[in-house]
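Visitor: Input: one structure, supplied below.
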Amino acid sequence: MDASSRIARLNADRELLAALDAASSIFSMEMTGEPPDRYTLTFRGKGLGRDASASSDVTLIELHQIDLRMPYSYPASPPDIRWITPLWHPNVSFSGFVNPVPS
């Protein structure tokens, strides 16, 4: 994909995420870059979290944040997703990176 196609895709992504932000009471975003290639996404809702220690207790969390980065090869390559807030989920590492589901 050439640079102009990448820029068009990044601009389209910005418009879609901005529309979701405007329409939602549980979602918000902050963006970086022009066109944006990095987002901090915030979700409000109940979920489970645990600190990095395997011996820590699982707790209820009501605010979730992720760091979403579009690599240079985006959209040919998927975005990099990292949970900033603790999350207890089998596909998310203790460091917050999303591990793909084995096929």
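FYI, nothing fancy with the structure tokens labels: chains A, B, ... in order, residues from 1 per chain, ligands from 1 as they appear.
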Determine, counting only C-alpha atoms, which protein, DNA and RNA residues have an atom within 8 Å of an atom of segment 18-29 of chain A; residues of the same chain fewer than 2 positions away are not included. Present the result as a list in words.

Guide: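 Skipping anything fewer than 2 positions along the chain leaves Arg14, Glu15, Leu16, Met31, Tyr39, Thr40, Leu41, Thr42, Phe43, Arg44 and Gly45 of chain A.
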
Visitor: Near Arg9 of chain A, counting only C-alpha atoms, which residues have an atom at most 10 Å away, once you skip same-chain residues fewer than 6 positions from it, shown as a CSV table (one decimal) with all heavy atoms, in the first residue's frame?

Guide:
chain,number,residue,atom,x,y,z
A,3,ALA,N,1.9,5.4,0.4
A,3,ALA,CA,1.7,6.4,1.5
A,3,ALA,C,0.4,7.1,1.4
A,3,ALA,O,-0.2,7.4,2.4
A,3,ALA,CB,2.9,7.4,1.4
A,15,GLU,N,-12.1,9.6,11.5
A,15,GLU,CA,-13.5,10.0,11.4
A,15,GLU,C,-14.4,9.0,12.1
A,15,GLU,O,-15.4,9.3,12.8
A,15,GLU,CB,-13.9,10.2,10.0
A,15,GLU,CG,-13.2,11.4,9.3
A,15,GLU,CD,-13.5,11.5,7.9
A,15,GLU,OE1,-14.6,10.9,7.4
A,15,GLU,OE2,-12.8,12.2,7.1
A,35,PRO,N,-1.8,12.6,10.0
A,35,PRO,CA,-3.0,12.1,10.5
A,35,PRO,C,-2.7,11.2,11.8
A,35,PRO,O,-1.6,10.7,11.9
A,35,PRO,CB,-3.7,11.3,9.4
A,35,PRO,CG,-2.5,10.8,8.6
A,35,PRO,CD,-1.5,11.9,8.7
A,74,TYR,N,0.8,-0.2,8.5
A,74,TYR,CA,-0.7,-0.2,8.6
A,74,TYR,C,-1.3,0.4,7.3
A,74,TYR,O,-0.7,1.4,6.8
A,74,TYR,CB,-1.1,0.5,9.8
A,74,TYR,CG,-2.6,0.6,10.0
A,74,TYR,CD1,-3.3,-0.4,10.6
A,74,TYR,CD2,-3.3,1.8,9.6
A,74,TYR,CE1,-4.7,-0.4,10.7
A,74,TYR,CE2,-4.7,1.8,9.8
A,74,TYR,CZ,-5.3,0.8,10.3
A,74,TYR,OH,-6.7,0.8,10.5
A,75,PRO,N,-2.3,-0.1,6.7
A,75,PRO,CA,-3.2,-1.2,7.2
A,75,PRO,C,-2.8,-2.6,6.7
A,75,PRO,O,-3.6,-3.5,7.0
A,75,PRO,CB,-4.5,-0.8,6.7
A,75,PRO,CG,-4.2,-0.1,5.4
A,75,PRO,CD,-2.9,0.6,5.6

Visitor: Taking the chain letters and numbering used in this document, name the residues of chain A that DSSP puts in alpha helix (DSSP H), as a list in words.

Guide: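 Assigned to alpha helix (DSSP H), within chain A: Ala3, Ser4, Ser5, Arg6, Ile7, Ala8, Arg9, Leu10, Asn11, Ala12, Asp13, Arg14, Glu15, Leu16, Leu17, Ala18, Ala19, Leu20, Asp21, Ala22 and Ala23 of chain A.
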
Visitor: Just the selected residues (N, CA and C atoms), exported as a JSON list (two decimals), in the first residue's frame, please.

Guide:
[["chain", "number", "residue", "atom", "x", "y", "z"],
["A", 3, "ALA", "N", 1.90, 5.43, 0.36],
["A", 3, "ALA", "CA", 1.75, 6.39, 1.46],
["A", 3, "ALA", "C", 0.41, 7.13, 1.41],
["A", 4, "SER", "N", -0.06, 7.49, 0.21],
["A", 4, "SER", "CA", -1.32, 8.23, 0.13],
["A", 4, "SER", "C", -2.50, 7.35, 0.55],
["A", 5, "SER", "N", -2.45, 6.06, 0.25],
["A", 5, "SER", "CA", -3.51, 5.15, 0.70],
["A", 5, "SER", "C", -3.49, 4.99, 2.21],
["A", 6, "ARG", "N", -2.28, 4.94, 2.79],
["A", 6, "ARG", "CA", -2.17, 4.83, 4.26],
["A", 6, "ARG", "C", -2.76, 6.07, 4.91],
["A", 7, "ILE", "N", -2.44, 7.24, 4.39],
["A", 7, "ILE", "CA", -2.95, 8.49, 4.95],
["A", 7, "ILE", "C", -4.47, 8.54, 4.84],
["A", 8, "ALA", "N", -5.00, 8.12, 3.71],
["A", 8, "ALA", "CA", -6.46, 8.10, 3.54],
["A", 8, "ALA", "C", -7.09, 7.15, 4.56],
["A", 9, "ARG", "N", -6.49, 6.00, 4.79],
["A", 9, "ARG", "CA", -7.02, 5.05, 5.77],
["A", 9, "ARG", "C", -6.96, 5.62, 7.18],
["A", 10, "LEU", "N", -5.83, 6.25, 7.54],
["A", 10, "LEU", "CA", -5.70, 6.85, 8.87],
["A", 10, "LEU", "C", -6.74, 7.95, 9.08],
["A", 11, "ASN", "N", -6.99, 8.75, 8.06],
["A", 11, "ASN", "CA", -8.01, 9.80, 8.17],
["A", 11, "ASN", "C", -9.41, 9.20, 8.31],
["A", 12, "ALA", "N", -9.69, 8.13, 7.57],
["A", 12, "ALA", "CA", -10.99, 7.47, 7.69],
["A", 12, "ALA", "C", -11.16, 6.86, 9.08],
["A", 13, "ASP", "N", -10.09, 6.26, 9.62],
["A", 13, "ASP", "CA", -10.14, 5.71, 10.97],
["A", 13, "ASP", "C", -10.44, 6.80, 11.99],
["A", 14, "ARG", "N", -9.80, 7.96, 11.83],
["A", 14, "ARG", "CA", -10.05, 9.08, 12.75],
["A", 14, "ARG", "C", -11.51, 9.47, 12.73],
["A", 15, "GLU", "N", -12.09, 9.59, 11.55],
["A", 15, "GLU", "CA", -13.50, 9.98, 11.44],
["A", 15, "GLU", "C", -14.42, 8.97, 12.11],
["A", 16, "LEU", "N", -14.15, 7.68, 11.91],
["A", 16, "LEU", "CA", -14.99, 6.64, 12.52],
["A", 16, "LEU", "C", -14.87, 6.64, 14.04],
["A", 17, "LEU", "N", -13.65, 6.75, 14.55],
["A", 17, "LEU", "CA", -13.47, 6.77, 16.00],
["A", 17, "LEU", "C", -14.05, 8.04, 16.63],
["A", 18, "ALA", "N", -13.94, 9.17, 15.93],
["A", 18, "ALA", "CA", -14.53, 10.41, 16.44],
["A", 18, "ALA", "C", -16.05, 10.30, 16.48],
["A", 19, "ALA", "N", -16.65, 9.66, 15.49],
["A", 19, "ALA", "CA", -18.11, 9.47, 15.49],
["A", 19, "ALA", "C", -18.53, 8.55, 16.64],
["A", 20, "LEU", "N", -17.75, 7.51, 16.89],
["A", 20, "LEU", "CA", -18.04, 6.62, 18.01],
["A", 20, "LEU", "C", -17.93, 7.37, 19.33],
["A", 21, "ASP", "N", -16.89, 8.18, 19.46],
["A", 21, "ASP", "CA", -16.69, 8.99, 20.67],
["A", 21, "ASP", "C", -17.88, 9.91, 20.90],
["A", 22, "ALA", "N", -18.35, 10.57, 19.84],
["A", 22, "ALA", "CA", -19.47, 11.51, 19.97],
["A", 22, "ALA", "C", -20.78, 10.81, 20.32],
["A", 23, "ALA", "N", -20.95, 9.57, 19.86],
["A", 23, "ALA", "CA", -22.22, 8.87, 20.05],
["A", 23, "ALA", "C", -22.27, 8.03, 21.32]]

Visitor: DSSP on the backbone: what in chain A comes out strand (DSSP E), as a PyMOL selection string?

Guide: chain A and resi 27-33+36-49+59-69+80-83

Visitor: Counting only C-alpha atoms, which of A:Leu87, A:Ile81, A:Thr32, A:Ala76 gets nearest to His64 of chain A?

Guide: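 Checking each of A:Leu87, A:Ile81, A:Thr32, A:Ala76 against His64 of chain A, counting only C-alpha atoms, the winner is A:Leu87.
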
Visitor: Distance atom CA of Lys46 of chain A-atom CA of Phe97 of chain A, one decimal place?

Guide: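 According to the coordinates, atom CA of Lys46 of chain A and atom CA of Phe97 of chain A are separated by 19.9 Å.
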